[in-house]
Structures are given as structure tokens and as C-alpha cells.
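Dumped coords.cif below, it's mmCIF, C-alpha atoms:
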```cif
data_target
#
loop_
_atom_site.label_atom_id
_atom_site.label_comp_id
_atom_site.auth_asym_id
_atom_site.auth_seq_id
_atom_site.Cartn_x
_atom_site.Cartn_y
_atom_site.Cartn_z
CA MET K 105 22.48 -20.14 33.90
CA ALA K 106 23.06 -16.38 34.19
CA ALA K 107 25.29 -16.41 31.11
CA GLU K 108 22.64 -18.35 29.22
CA THR K 109 20.00 -15.78 30.23
CA VAL K 110 22.22 -12.93 29.07
CA THR K 111 22.80 -14.71 25.76
CA THR K 112 19.06 -15.25 25.25
CA THR K 113 18.30 -11.62 26.13
CA GLU K 114 20.93 -10.37 23.72
CA ARG K 115 19.63 -12.68 20.99
CA LEU K 116 16.12 -11.37 21.46
CA ARG K 117 17.35 -7.79 21.40
CA ARG K 118 19.13 -8.41 18.11
CA ALA K 119 16.07 -10.16 16.71
CA ARG K 120 13.96 -7.14 17.66
CA PHE K 121 16.24 -4.76 15.74
CA ALA K 122 16.47 -7.17 12.81
CA VAL K 123 12.70 -7.45 12.38
CA ALA K 124 12.42 -3.65 12.74
CA ALA K 125 14.91 -3.28 9.88
CA VAL K 126 12.83 -5.71 7.81
CA PHE K 127 9.77 -3.52 8.37
CA CYS K 128 11.82 -0.52 7.22
CA VAL K 129 12.86 -2.33 4.01
CA HIS K 130 9.26 -3.34 3.34
CA GLY K 131 8.11 0.27 3.69
CA ALA K 132 10.90 1.55 1.46
CA VAL K 133 9.59 -0.53 -1.45
CA THR K 134 6.15 1.07 -1.11
CA GLY K 135 7.63 4.57 -0.92
CA SER K 136 9.84 3.94 -3.95
CA PHE K 137 6.89 2.80 -6.05
CA ALA K 138 4.42 5.52 -5.00
CA THR K 139 6.62 8.43 -6.07
CA ARG K 140 7.03 7.10 -9.62
CA ILE K 141 3.37 6.39 -10.39
CA PRO K 142 3.13 9.42 -12.73
CA TRP K 143 6.12 8.14 -14.74
CA ILE K 144 4.65 4.64 -14.88
CA GLN K 145 1.28 6.01 -16.02
CA GLU K 146 2.88 7.99 -18.83
CA HIS K 147 5.16 5.13 -19.88
CA ALA K 148 2.29 2.63 -20.03
CA GLY K 149 0.05 5.14 -21.79
CA VAL K 150 -2.91 4.66 -19.45
CA SER K 151 -5.66 7.13 -18.62
CA ALA K 152 -6.59 8.23 -15.12
CA GLY K 153 -9.49 5.77 -15.10
CA GLN K 154 -7.29 2.91 -16.29
CA LEU K 155 -4.70 3.80 -13.65
CA GLY K 156 -7.41 3.67 -11.00
CA LEU K 157 -8.36 0.19 -12.22
CA ALA K 158 -4.74 -0.97 -12.16
CA LEU K 159 -4.18 0.39 -8.66
CA ALA K 160 -6.92 -1.92 -7.37
CA PHE K 161 -4.85 -4.97 -8.34
CA PRO K 162 -2.27 -4.75 -5.52
CA ALA K 163 -5.04 -5.13 -2.95
CA LEU K 164 -6.59 -7.95 -4.98
CA GLY K 165 -3.27 -9.80 -5.21
CA ALA K 166 -2.55 -9.29 -1.52
CA SER K 167 -5.98 -10.50 -0.44
CA LEU K 168 -5.70 -13.71 -2.48
CA ALA K 169 -2.09 -14.49 -1.56
CA MET K 170 -1.99 -13.64 2.16
CA PRO K 171 -3.44 -16.99 3.31
CA LEU K 172 -0.47 -18.75 1.65
CA ALA K 173 2.01 -17.16 4.07
CA GLY K 174 1.06 -19.45 6.95
CA ALA K 175 1.54 -22.60 4.89
CA ILE K 176 4.91 -21.37 3.60
CA SER K 177 6.11 -20.55 7.13
CA HIS K 178 4.93 -23.94 8.38
CA ARG K 179 6.89 -25.78 5.71
CA PHE K 180 10.14 -23.81 5.61
CA GLY K 181 10.29 -22.10 9.01
CA ALA K 182 9.59 -18.45 9.76
CA ARG K 183 13.07 -17.10 9.00
CA THR K 184 13.49 -18.89 5.66
CA ALA K 185 9.93 -18.03 4.65
CA LEU K 186 10.42 -14.35 5.46
CA ARG K 187 13.72 -14.29 3.59
CA GLY K 188 12.20 -15.74 0.43
CA LEU K 189 9.00 -13.70 0.53
CA LEU K 190 10.84 -10.45 1.23
CA VAL K 191 13.15 -11.06 -1.75
CA LEU K 192 10.12 -11.62 -3.98
CA TRP K 193 8.60 -8.38 -2.67
CA THR K 194 11.69 -6.23 -3.17
CA LEU K 195 12.30 -7.61 -6.68
CA SER K 196 8.65 -7.09 -7.63
CA LEU K 197 9.36 -3.35 -7.50
CA ILE K 198 10.96 -3.75 -10.94
CA LEU K 199 7.79 -4.98 -12.65
CA PRO K 200 5.37 -1.99 -12.78
CA SER K 201 7.81 0.30 -14.59
CA LEU K 202 8.28 -2.35 -17.32
CA ALA K 203 4.54 -2.59 -18.10
CA PRO K 204 3.82 -1.62 -21.74
CA ASN K 205 0.06 -1.12 -21.35
CA VAL K 206 -2.80 -1.19 -18.88
CA TRP K 207 -3.12 -5.00 -18.85
CA GLY K 208 0.59 -5.44 -18.31
CA LEU K 209 0.38 -2.92 -15.49
CA CYS K 210 -2.55 -4.79 -13.91
CA GLY K 211 -0.58 -8.04 -14.01
CA ALA K 212 2.56 -6.42 -12.60
CA LEU K 213 0.63 -4.79 -9.77
CA PHE K 214 -1.15 -8.06 -8.98
CA VAL K 215 2.25 -9.74 -8.43
CA TYR K 216 3.46 -6.64 -6.56
CA GLY K 217 0.47 -6.83 -4.20
CA ALA K 218 0.64 -10.62 -3.75
CA THR K 219 4.29 -10.54 -2.69
CA ALA K 220 3.65 -7.49 -0.50
CA GLY K 221 0.81 -9.25 1.31
CA MET K 222 2.64 -12.52 1.94
CA SER K 223 5.80 -10.82 3.22
CA ASP K 224 3.62 -8.50 5.31
CA VAL K 225 1.98 -11.46 7.07
CA ALA K 226 5.32 -13.22 7.60
CA MET K 227 7.05 -10.20 9.13
CA ASN K 228 4.07 -9.33 11.35
CA ALA K 229 3.91 -12.93 12.61
CA LEU K 230 7.60 -12.77 13.52
CA GLY K 231 7.04 -9.35 15.09
CA VAL K 232 4.32 -10.80 17.33
CA GLU K 233 6.53 -13.75 18.28
CA THR K 234 9.45 -11.44 19.10
CA GLU K 235 7.15 -9.23 21.18
CA THR K 236 5.86 -12.25 23.10
CA ARG K 237 9.35 -13.49 23.96
CA LEU K 238 10.55 -10.02 24.97
CA GLY K 239 7.52 -9.59 27.22
CA ARG K 240 6.93 -5.98 26.15
CA SER K 241 5.17 -4.19 23.32
CA ILE K 242 7.15 -3.59 20.11
CA MET K 243 4.49 -3.79 17.36
CA SER K 244 3.78 -0.07 17.32
CA SER K 245 7.42 0.86 16.80
CA LEU K 246 7.78 -1.86 14.15
CA HIS K 247 5.00 -0.23 12.14
CA GLY K 248 6.64 3.11 12.87
CA MET K 249 9.80 1.76 11.22
CA TRP K 250 7.66 0.80 8.22
CA SER K 251 6.61 4.45 8.01
CA VAL K 252 10.26 5.51 8.26
CA GLY K 253 11.13 3.16 5.40
CA ALA K 254 8.27 4.52 3.29
CA LEU K 255 9.56 8.05 3.95
CA ILE K 256 13.10 7.09 2.92
CA GLY K 257 11.87 5.36 -0.23
CA SER K 258 9.63 8.26 -1.19
CA ALA K 259 12.42 10.78 -0.56
CA ALA K 260 14.77 8.85 -2.85
CA GLY K 261 11.98 8.55 -5.43
CA THR K 262 11.29 12.27 -5.26
CA VAL K 263 14.95 13.01 -5.97
CA ALA K 264 14.95 10.53 -8.87
CA ALA K 265 11.81 12.08 -10.32
CA HIS K 266 13.22 15.59 -9.91
CA LEU K 267 16.33 14.54 -11.83
CA GLY K 268 14.16 13.01 -14.58
CA ALA K 269 15.58 9.52 -14.01
CA ASP K 270 14.06 6.59 -15.89
CA ALA K 271 11.92 4.70 -13.36
CA ARG K 272 13.07 1.37 -14.81
CA ILE K 273 16.65 2.16 -13.84
CA HIS K 274 15.65 3.77 -10.54
CA HIS K 275 13.54 0.79 -9.49
CA LEU K 276 16.14 -1.73 -10.64
CA ILE K 277 18.80 -0.09 -8.47
CA ALA K 278 16.40 0.33 -5.54
CA ALA K 279 15.23 -3.29 -5.80
CA LEU K 280 18.78 -4.66 -5.80
CA VAL K 281 19.85 -2.51 -2.85
CA LEU K 282 16.74 -3.35 -0.82
CA THR K 283 17.05 -7.05 -1.66
CA ALA K 284 20.62 -7.11 -0.38
CA LEU K 285 19.65 -5.25 2.80
CA GLY K 286 16.65 -7.52 3.33
CA LEU K 287 18.79 -10.65 3.09
CA VAL K 288 21.23 -9.26 5.64
CA PHE K 289 18.52 -8.22 8.10
CA CYS K 290 16.62 -11.52 7.80
CA GLN K 291 19.65 -13.33 9.18
CA GLY K 292 18.98 -11.79 12.58
CA VAL K 293 15.27 -12.56 13.00
CA LEU K 294 13.98 -15.43 15.14
CA ASP K 295 14.11 -18.88 13.57
CA VAL K 296 10.66 -20.12 14.60
CA ARG K 297 9.66 -23.57 13.35
CA SER K 298 6.58 -25.72 13.70
CA THR K 299 6.79 -28.99 15.59
CA PRO K 300 6.62 -32.16 13.45
CA GLU K 301 3.25 -33.18 14.87
CA GLU K 302 1.57 -29.89 13.95
CA GLU K 303 -0.86 -30.09 11.07
CA ALA K 304 -0.08 -27.77 8.17
CA PRO K 305 -2.56 -24.89 7.80
CA PRO K 306 -4.73 -24.83 4.67
CA ARG K 307 -3.37 -22.92 1.70
CA PHE K 308 -6.64 -21.07 1.29
CA SER K 309 -9.30 -20.63 3.95
CA LEU K 310 -11.73 -18.08 5.26
CA PRO K 311 -10.45 -15.90 8.12
CA PRO K 312 -11.32 -17.26 11.59
CA LYS K 313 -14.06 -15.52 13.55
CA SER K 314 -11.50 -13.96 15.86
CA ALA K 315 -9.84 -12.28 12.87
CA LEU K 316 -13.18 -10.88 11.68
CA VAL K 317 -13.89 -9.28 15.06
CA ILE K 318 -10.37 -7.89 15.47
CA GLY K 319 -10.32 -6.90 11.79
CA ALA K 320 -13.39 -4.72 12.37
CA ILE K 321 -11.30 -2.53 14.67
CA GLY K 322 -8.51 -2.47 12.09
CA PHE K 323 -11.10 -1.52 9.45
CA CYS K 324 -12.14 1.56 11.45
CA GLY K 325 -8.54 2.69 11.89
CA VAL K 326 -7.42 2.10 8.31
CA PHE K 327 -10.57 3.68 6.84
CA ALA K 328 -9.87 6.86 8.81
CA GLU K 329 -6.23 6.70 7.74
CA GLY K 330 -6.96 6.28 4.03
CA ALA K 331 -9.66 8.96 4.06
CA SER K 332 -7.43 11.48 5.83
CA LEU K 333 -4.34 10.86 3.72
CA ASP K 334 -6.16 11.12 0.39
CA TRP K 335 -8.79 13.74 1.16
CA SER K 336 -7.44 16.06 3.87
CA ALA K 337 -5.84 18.45 1.38
CA VAL K 338 -8.96 18.46 -0.80
CA TYR K 339 -11.11 19.11 2.29
CA LEU K 340 -9.13 22.18 3.33
CA ARG K 341 -9.08 23.53 -0.22
CA ASP K 342 -12.73 22.95 -1.15
CA GLU K 343 -14.52 23.33 2.19
CA LEU K 344 -12.37 26.00 3.86
CA GLY K 345 -10.86 27.77 0.86
CA THR K 346 -7.21 27.44 1.89
CA SER K 347 -4.15 27.82 -0.30
CA ALA K 348 -2.58 24.81 -1.99
CA GLY K 349 0.42 24.97 0.36
CA LEU K 350 -1.64 24.97 3.54
CA ALA K 351 -3.89 22.24 2.16
CA ALA K 352 -0.86 20.03 1.51
CA ALA K 353 0.33 20.69 5.06
CA SER K 354 -2.72 18.84 6.38
CA THR K 355 -1.47 15.60 4.83
CA THR K 356 1.99 16.23 6.29
CA ALA K 357 0.53 16.93 9.73
CA PHE K 358 -1.48 13.72 9.63
CA ALA K 359 1.40 11.51 8.44
CA LEU K 360 3.89 13.09 10.87
CA THR K 361 1.77 12.69 14.00
CA MET K 362 0.94 9.13 13.01
CA ALA K 363 4.58 8.13 12.43
CA VAL K 364 5.82 9.74 15.66
CA ALA K 365 2.98 8.16 17.66
CA ARG K 366 3.85 4.72 16.32
CA LEU K 367 7.51 5.08 17.19
CA VAL K 368 6.75 5.98 20.82
CA GLY K 369 3.50 4.02 21.13
CA ASP K 370 5.05 0.89 22.64
CA ARG K 371 5.84 2.66 25.91
CA VAL K 372 2.24 3.80 26.19
CA VAL K 373 0.92 0.30 25.43
CA ASP K 374 3.26 -1.29 27.97
CA ARG K 375 2.08 1.12 30.66
CA PHE K 376 -1.66 1.26 29.96
CA GLY K 377 -2.38 -1.86 27.90
CA ALA K 378 -3.73 -2.28 24.38
CA VAL K 379 -7.41 -1.85 25.24
CA ARG K 380 -7.02 1.39 27.17
CA THR K 381 -4.56 2.80 24.64
CA VAL K 382 -6.89 2.20 21.69
CA ARG K 383 -9.90 3.44 23.65
CA VAL K 384 -8.16 6.72 24.51
CA GLY K 385 -6.84 6.91 20.95
CA GLY K 386 -10.39 6.54 19.69
CA VAL K 387 -11.46 9.47 21.88
CA VAL K 388 -8.59 11.55 20.50
CA ALA K 389 -9.40 10.60 16.89
CA THR K 390 -13.11 11.32 17.45
CA LEU K 391 -12.24 14.72 18.86
CA GLY K 392 -10.04 15.33 15.81
CA GLY K 393 -12.87 14.31 13.48
CA LEU K 394 -15.27 16.70 15.21
CA MET K 395 -12.74 19.50 14.86
CA VAL K 396 -12.49 18.78 11.12
CA VAL K 397 -16.26 18.64 10.60
CA LEU K 398 -17.04 21.72 12.71
CA ALA K 399 -13.91 23.73 11.84
CA PRO K 400 -14.62 27.46 11.39
CA HIS K 401 -11.24 27.97 9.74
CA ALA K 402 -8.30 25.99 8.37
CA THR K 403 -6.05 25.90 11.44
CA VAL K 404 -8.69 24.07 13.46
CA ALA K 405 -9.14 21.46 10.69
CA LEU K 406 -5.36 21.14 10.40
CA ALA K 407 -5.13 20.36 14.10
CA GLY K 408 -8.06 17.97 13.73
CA PHE K 409 -6.30 15.90 11.07
CA GLY K 410 -3.23 15.77 13.28
CA LEU K 411 -5.34 14.42 16.16
CA ILE K 412 -6.90 11.77 13.90
CA GLY K 413 -3.41 10.56 12.95
CA LEU K 414 -2.36 10.55 16.60
CA GLY K 415 -5.46 8.66 17.71
CA ILE K 416 -5.40 5.84 15.16
CA ALA K 417 -1.63 5.36 14.97
CA VAL K 418 -1.38 2.19 17.09
CA VAL K 419 -4.65 0.55 16.00
CA VAL K 420 -3.28 -1.59 13.17
CA PRO K 421 -0.12 -2.74 15.05
CA LEU K 422 -2.23 -3.77 18.02
CA ALA K 423 -4.78 -5.49 15.78
CA PHE K 424 -1.97 -7.64 14.34
CA ALA K 425 -0.66 -8.34 17.85
CA ALA K 426 -4.12 -9.39 19.06
CA ALA K 427 -4.64 -11.58 15.98
CA GLY K 428 -1.32 -13.32 16.59
CA ARG K 429 -2.51 -14.40 20.04
CA SER K 430 -6.15 -15.04 19.26
CA GLY K 431 -6.14 -18.74 18.40
CA PRO K 432 -4.28 -21.86 17.31
CA ASN K 433 -3.34 -20.49 13.85
CA PRO K 434 -1.77 -17.04 14.31
CA SER K 435 -0.59 -16.67 10.71
CA GLN K 436 -4.08 -17.42 9.46
CA ALA K 437 -5.57 -14.88 11.88
CA ILE K 438 -2.98 -12.25 10.93
CA ALA K 439 -3.70 -12.90 7.26
CA GLY K 440 -7.42 -12.42 7.94
CA VAL K 441 -6.88 -9.12 9.73
CA ALA K 442 -4.46 -7.96 7.05
CA THR K 443 -6.99 -8.78 4.32
CA ILE K 444 -9.67 -6.74 6.08
CA THR K 445 -7.37 -3.77 6.61
CA TYR K 446 -6.11 -3.89 3.01
CA THR K 447 -9.72 -3.89 1.83
CA SER K 448 -10.51 -0.95 4.09
CA GLY K 449 -7.56 1.00 2.74
CA LEU K 450 -8.71 0.25 -0.80
CA ILE K 451 -12.33 1.30 -0.44
CA ALA K 452 -11.87 4.29 1.89
CA PRO K 453 -10.71 6.89 -0.69
CA SER K 454 -13.36 5.94 -3.27
CA ALA K 455 -16.10 5.66 -0.60
CA ILE K 456 -15.30 9.14 0.69
CA GLY K 457 -15.43 10.48 -2.88
CA GLY K 458 -18.72 8.75 -3.63
CA ILE K 459 -20.36 10.01 -0.45
CA ALA K 460 -19.02 13.52 -1.10
CA ASP K 461 -20.51 13.50 -4.61
CA ALA K 462 -23.89 12.51 -3.21
CA THR K 463 -23.77 14.81 -0.17
CA SER K 464 -20.63 16.72 0.84
CA LEU K 465 -17.11 16.21 2.15
CA VAL K 466 -18.31 17.38 5.55
CA PHE K 467 -20.77 14.48 5.65
CA SER K 468 -18.03 12.11 4.49
CA PHE K 469 -15.81 13.05 7.41
CA THR K 470 -18.77 12.77 9.74
CA LEU K 471 -18.69 9.08 8.79
CA VAL K 472 -14.95 8.98 9.51
CA THR K 473 -15.65 10.50 12.93
CA LEU K 474 -18.26 7.84 13.68
CA LEU K 475 -15.79 5.08 12.71
CA ALA K 476 -13.20 6.67 14.99
CA PHE K 477 -15.73 6.51 17.82
CA GLY K 478 -16.14 2.83 16.96
CA LEU K 479 -12.60 2.36 18.31
CA VAL K 480 -13.83 3.53 21.72
CA LEU K 481 -16.70 1.05 21.69
CA GLY K 482 -14.81 -1.93 20.27
CA ALA K 483 -11.36 -1.65 21.85
CA GLY K 484 -12.12 -4.55 24.19
CA VAL K 485 -11.61 -7.10 21.38
CA LEU K 486 -7.88 -6.30 21.52
CA ARG K 487 -7.60 -7.63 25.06
CA SER K 488 -5.52 -10.58 23.84
CA ALA K 489 -2.81 -8.11 22.81
CA ASP K 490 -2.27 -7.34 26.51
CA GLY K 491 -1.46 -10.92 27.48
CA LYS K 492 2.20 -11.87 27.29
CA ASP K 493 3.89 -14.90 28.77
CA PRO K 494 7.61 -14.55 27.98
CA ALA K 495 8.46 -17.36 30.37
CA ALA K 496 6.79 -19.79 27.99
CA ALA K 497 8.84 -18.70 25.00
CA PRO K 498 11.15 -21.35 23.52
CA ALA K 499 14.74 -20.60 22.65
CA ASP K 500 15.71 -19.40 19.20
CA GLY K 501 15.75 -22.23 16.71
CA VAL K 502 13.65 -24.52 18.89
CA PRO K 503 10.28 -25.50 17.43
CA ALA K 504 7.50 -23.26 18.69
CA LYS K 505 4.68 -24.59 20.77
CA SER K 506 1.42 -25.21 19.01
CA GLY K 507 0.00 -21.82 18.17
CA GLY K 508 3.29 -20.08 17.31
CA PRO K 509 3.46 -17.77 14.27
CA ALA K 510 4.68 -20.56 12.03
CA ALA K 511 1.63 -22.66 12.82
#
```
How does the structure come out when it is put into C-alpha cells?
Amino acid sequence: MAAETVTTTERLRRARFAVAAVFCVHGAVTGSFATRIPWIQEHAGVSAGQLGLALAFPALGASLAMPLAGAISHRFGARTALRGLLVLWTLSLILPSLAPNVWGLCGALFVYGATAGMSDVAMNALGVETETRLGRSIMSSLHGMWSVGALIGSAAGTVAAHLGADARIHHLIAALVLTALGLVFCQGVLDVRSTPEEEAPPRFSLPPKSALVIGAIGFCGVFAEGASLDWSAVYLRDELGTSAGLAAASTTAFALTMAVARLVGDRVVDRFGAVRTVRVGGVVATLGGLMVVLAPHATVALAGFGLIGLGIAVVVPLAFAAAGRSGPNPSQAIAGVATITYTSGLIAPSAIGGIADATSLVFSFTLVTLLAFGLVLGAGVLRSADGKDPAAAPADGVPAKSGGPAA
């Protein structure tokens, strides 16, 4: 019995590192693509406005395709589904750089977003299942590994761009390497399968009510994230008259505090629980927003953006964790939350710009501050992320009970 327990513990530990590596691969694809957008724009011959239109298609593709992930996992099992969806995602990196015009780019980015969304749901569902069986929080660090992967991919893309490399060749090599790594890492994740008597989830359906409520918290966090990443440098330059270098440092400060907080956030969640962690994080993010809005000089605003990143870092991971435990169809709930957060990330930059045109950037970040305070008020909906029952977890390869991620 003791040997069996040790074997199960070791298996879960390996599954935890395997799913973390999958998150890293997923992030590396995003980082690889983002750094070559200027090359893709020039190659496709699209204007700034046309590029903005095309960049809306990943979110559109993800939103439409995410509900399919649950049905695919139900039919093929979580490990096989993740393996196939991750391969589609890594290989889709090749498509945007091949686009000859704006419509080709829109189509390529639609496929890119659809495969990103489905693999995102599959890996988050397995992350929640692994967390449940381990009996301790891991979702924050998993999303931290996604940030690490995005950093690695963007660093490699920056080098390729600096060397003047053709993005078609760069993305082909990156896609093949990441595909191979993804296949290796997927071998170690949990093999969760639905029981024969479980009814297959619908291919397309509206998000359950639980996902809408939890997604509202995710919306607040992702809106603040998207606004800060895209507008922090502009804010420091236009509102506080800083140099270009110091303005760029605000984005770095935000991204760095957020990534570090995610990597260490699991220990905080395990000690204080999801609700209290997000509530305190909301206070920190609200304080950061007030520092930005009321900043008399750039250093105060710089610190404010860092506090916003620190405060919202664990919101999305915990929203996924809560969704995965919120009802009988975890994949459907995770897909619903993911759709809401993707939408928030899509509209945040343009909403901030539109509000700034009508009023000012200061007023725009007043809205961000209010949304950050919404985390304090609404953190209670994440209470399901605190409940873990590892004793009820089935062994690897055994069909999950009704309500597992593959359901």
C-alpha cells in the first residue's frame, strides 16, 4: 500500500511538471508570433487599420472554437485531446507569415486563434484536475510558466528580427521544435477519461451561469492587464512627459511583477485561500491604480503599474480553477470563462483608447481602478477554487467521476 502511494505521488508530481511544460510551450507560440507582427504586416502589405482588423480574428476564432474542446476531450480522453490540439496550435504558427494579403491574414489568424483557444481549454482543464489530485494550488504557477514561455518565444523572435530572418523560416523552425517538445511533454500529463455512461457535452452551447459569474471576475483582471500592457508606456509619455526609455520601463515593470507573482502565487493561495488572495490582490491593484491616476511624477506611476500587475496576477488562474469545480461540465465552464477573458483582453486596449479620445487617459485608468476594486467586491465567487478533495481523485488512466475535466 505504501509503495502504491509513493508511486501515485510520484506520478502526480511528474504530471504536474508535464502540464507546466505544456503551458510553457503554449506561451512560446504566442511570444514567437507577437515579435514578428511587423514583418507579417509588411509581407502581407496591410495598413495599420487592416492589421487591427486582422488581429481581432484570433479572439473570434478562439471564442467560437473553445466550446469544442470539451466534446473532443470527452471522445478521445484528456491526454489524447491535449496532444492533438497542442500540435494544431504549434503548427498554426506557420500560417500568418504565409498570408499574401489582409484576407489571407484574417483567415490564418482565425485558425491560429481557434487552435489556441481549444488547446488553452484542454490544458487548463488538465491543470485543474492535476491540482485537485495533488490537493494543493498549482494553477498560478502554471500560468506563470505560460508567461515564461511567452518570454522565451519573444526573446527568440527578437533575435530573429534583429538578424533580419525571414519570418516564414523562423516560424517554421519554431513550430517544428515546439511541436516536438509538446508531444514529449504531453506524454506525462494525466490520462483522464470520461466514464461510458456520461453523456457527451454539446459541441456548441452558451456558457453556464456559473461561468458567467466567475468570468466577470476574470473580465476585471484581464481588462486591467490589457489596459496596462498596451497603454502604460503611452500614459507615462503623454500624461507625465517621461522619456521613451522610462515609459517602456513601465510595461516591463508590469509584466515582471505579474510573472513573478504567478510563479510564487500558489504558496499564497494554499495558505490564505483563493477568495482572500484575490480580495487582497484587488486592494493592491486598486492602490496601484490610484497611484497611477494621482501620480505627481513618473516614478509613482511606475510603481503603480507594478502594483496593478502584482494585484491581478493570480485572478485568471484562480478563475479557471473555480470554473473547473463549479458544476457538472468543467470543460464547458472553463471554455465559458476563457471566452469572457479573451473578449476582455480584446476590447480593453480599444476601450481605453476610445475613452481617452473622449475624455483623457487619466479618466481611462480611473475606470481600470474601479474594475480592480471590483475584485475586492466579487472575490467570493471564487470560493469553489478553495475546495479540494484529493482523496476522491481516481488513479491515472482510470475514468474520472462525473464532473471531471473530460466531462
Name every residue that the PyMOL selection byres ((chain K and resi 402-413) around 10) selects in this structure, writing the answer as a PyMOL selection string with chains first and numbers rising. chain K and resi 325+328-329+332-333+336-337+339-341+343-347+350-351+353-366+385-401+414-418+472-473+476
With all atoms listed in the file as the atoms that count, which of K:Val485, K:Leu479, K:Ala279, K:Leu186 lies nearest to Met222 (chain K)?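 Checking each of K:Val485, K:Leu479, K:Ala279, K:Leu186 against Met222 (chain K), counting all atoms listed in the file, the winner is K:Leu186.
Counting from CA of Ile242 (chain K), the distance to CA of Ala182 (chain K) is 18.3 Å.
Residue neighbourhood of Leu285 (chain K), excluding near-sequence residues (fewer than 2 positions): Ala122, Ala125, Val126, Phe127, Cys128, Val129, His130, Ala132, Val133, Arg187, Leu190, Val191, Thr194, Ala278, Ala279, Leu280, Val281, Leu282, Thr283, Leu287, Val288, Phe289, Cys290, Gln291 and Gly292 of chain K, at 12 Å, using all atoms listed in the file.
Here CA of Glu114 (chain K) is placed at a distance of 14.9 Å from CA of Arg240 (chain K).
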Expanded to explicit residues, what is the PyMOL selection byres ((chain K and resi 270) around 10) for this file, as a PyMOL selection string? chain K and resi 140+143-144+147+201+264-265+267-269+271-275
Would you mind exporting C-alpha atoms of the selected residues as an mmCIF file, in the coordinates of the input?
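Result went into part.cif, see below:
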```cif
data_model
loop_
_atom_site.group_PDB
_atom_site.id
_atom_site.type_symbol
_atom_site.label_atom_id
_atom_site.label_comp_id
_atom_site.auth_asym_id
_atom_site.auth_seq_id
_atom_site.Cartn_x
_atom_site.Cartn_y
_atom_site.Cartn_z
ATOM 1 C CA ARG K 140 7.030 7.100 -9.620
ATOM 2 C CA TRP K 143 6.120 8.140 -14.740
ATOM 3 C CA ILE K 144 4.650 4.640 -14.880
ATOM 4 C CA HIS K 147 5.160 5.130 -19.880
ATOM 5 C CA SER K 201 7.810 0.300 -14.590
ATOM 6 C CA ALA K 264 14.950 10.530 -8.870
ATOM 7 C CA ALA K 265 11.810 12.080 -10.320
ATOM 8 C CA LEU K 267 16.330 14.540 -11.830
ATOM 9 C CA GLY K 268 14.160 13.010 -14.580
ATOM 10 C CA ALA K 269 15.580 9.520 -14.010
ATOM 11 C CA ALA K 271 11.920 4.700 -13.360
ATOM 12 C CA ARG K 272 13.070 1.370 -14.810
ATOM 13 C CA ILE K 273 16.650 2.160 -13.840
ATOM 14 C CA HIS K 274 15.650 3.770 -10.540
ATOM 15 C CA HIS K 275 13.540 0.790 -9.490
#
```
Residue nearest Gly135 (chain K) - candidates K:Ala173, K:Leu209, K:Val466, K:Leu255, atoms counted: all atoms listed in the file: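 Of the candidates, the smallest distance to Gly135 (chain K) is held by K:Leu255.
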Please, what distance in Å, to one decimal, runs between CA of Ala218 (chain K) and CA of Pro200 (chain K)?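 Distance between the two atoms: 13.4 Å.
Distance annotation: of K:Val373, K:Ala212, K:Leu189, K:Ala462, the residue with the minimal separation from Ile176 (chain K) is K:Leu189; atom set is all atoms listed in the file.
Remark: for Asp224 (chain K), the closest of the candidate residues K:Ala442, K:Ala437, K:Thr134, K:Gly181 is K:Ala442 (distances computed over all atoms listed in the file).
For Leu213 (chain K), the non-local neighbours within 9 Å, defined as residues at least 3 positions apart in the same chain or in other chains and counting only C-alpha atoms, are K:Ala158, K:Leu159, K:Ala160, K:Phe161, K:Pro162, K:Ala163, K:Gly165, K:Ser196, K:Leu199, K:Pro200, K:Gly208, K:Leu209, K:Cys210, K:Tyr216, K:Gly217, K:Ala218.
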Which residues come within 7 Å of Ser241 (chain K), counting only C-alpha atoms, excluding same-chain residues fewer than 4 positions away, as a PyMOL selection string? chain K and resi 235+370+373-374
Evaluate the PyMOL selection byres ((chain K and resi 420) around 9) and report residues as a ChimeraX atom specification: /K:244,247,319,321-323,325-326,416-419,421-425,442,445
Among the residues K:Leu246, K:Leu230, K:Val263, K:Ala203, the one that comes closest to Ala124 (chain K) [using only C-alpha atoms]: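 The closest residue to Ala124 (chain K) is K:Leu246.
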